[in-house]
Amino acid sequence: MSKQEKILLKVLRGTSDSNIAFADLCLLLYHLGFNERIRGSHHIFTKAGVEEILNLQPKGDKAKAYQVKQVRNVILRYKLADED
């Protein structure tokens with residue numbers, strides 16, 4: 001199981017939203033085909049066919065829990081986990 005698959009499972013499980021590394025979440029989105037644009041501390045992810053724009057900011061070295069939930073909802077809504 002690759003690192004991206006482990007991160008994806010952790011995000012989809014939803015039991016440790018506040019304990020996901022920010023770099024890992026960015027890596028997952030990049031792996032799922034999102035484009036990243038950085039403005040200061042804001043990492044903005046977009047993807048063709050996905051209406052939502054994901055605007056993520058680190059909290060130390062971790063991702064913010066509510067942003068992990070937003071990512072999970074986008075992955076589930078657009079069935080992005082099935083593309084792997």
# chains A, B, ... in the order shown; residues from 1 in each chain; ligands from 1
$ residues_around --residues "Arg37 (chain A)" --least-positions-apart "5" --cutoff "12 Å" --atoms "only C-alpha atoms" --output "NGL selection string"
:A and (26 or 30 or 42-47 or 53-56)
$ closest_residue --among "A:Leu28, A:Ala23, A:Val68, A:Leu76" --to "Lys6 (chain A)" --atoms "only C-alpha atoms"
A:Leu28
$ closest_residue --among "A:Ala48, A:Arg77, A:Met1, A:Thr15" --to "Gly33 (chain A)" --atoms "only C-alpha atoms"
A:Ala48
$ closest_residue --among "A:Asn35, A:Val71, A:Gly60, A:Lys10" --to "Phe22 (chain A)" --atoms "only C-alpha atoms"
A:Gly60
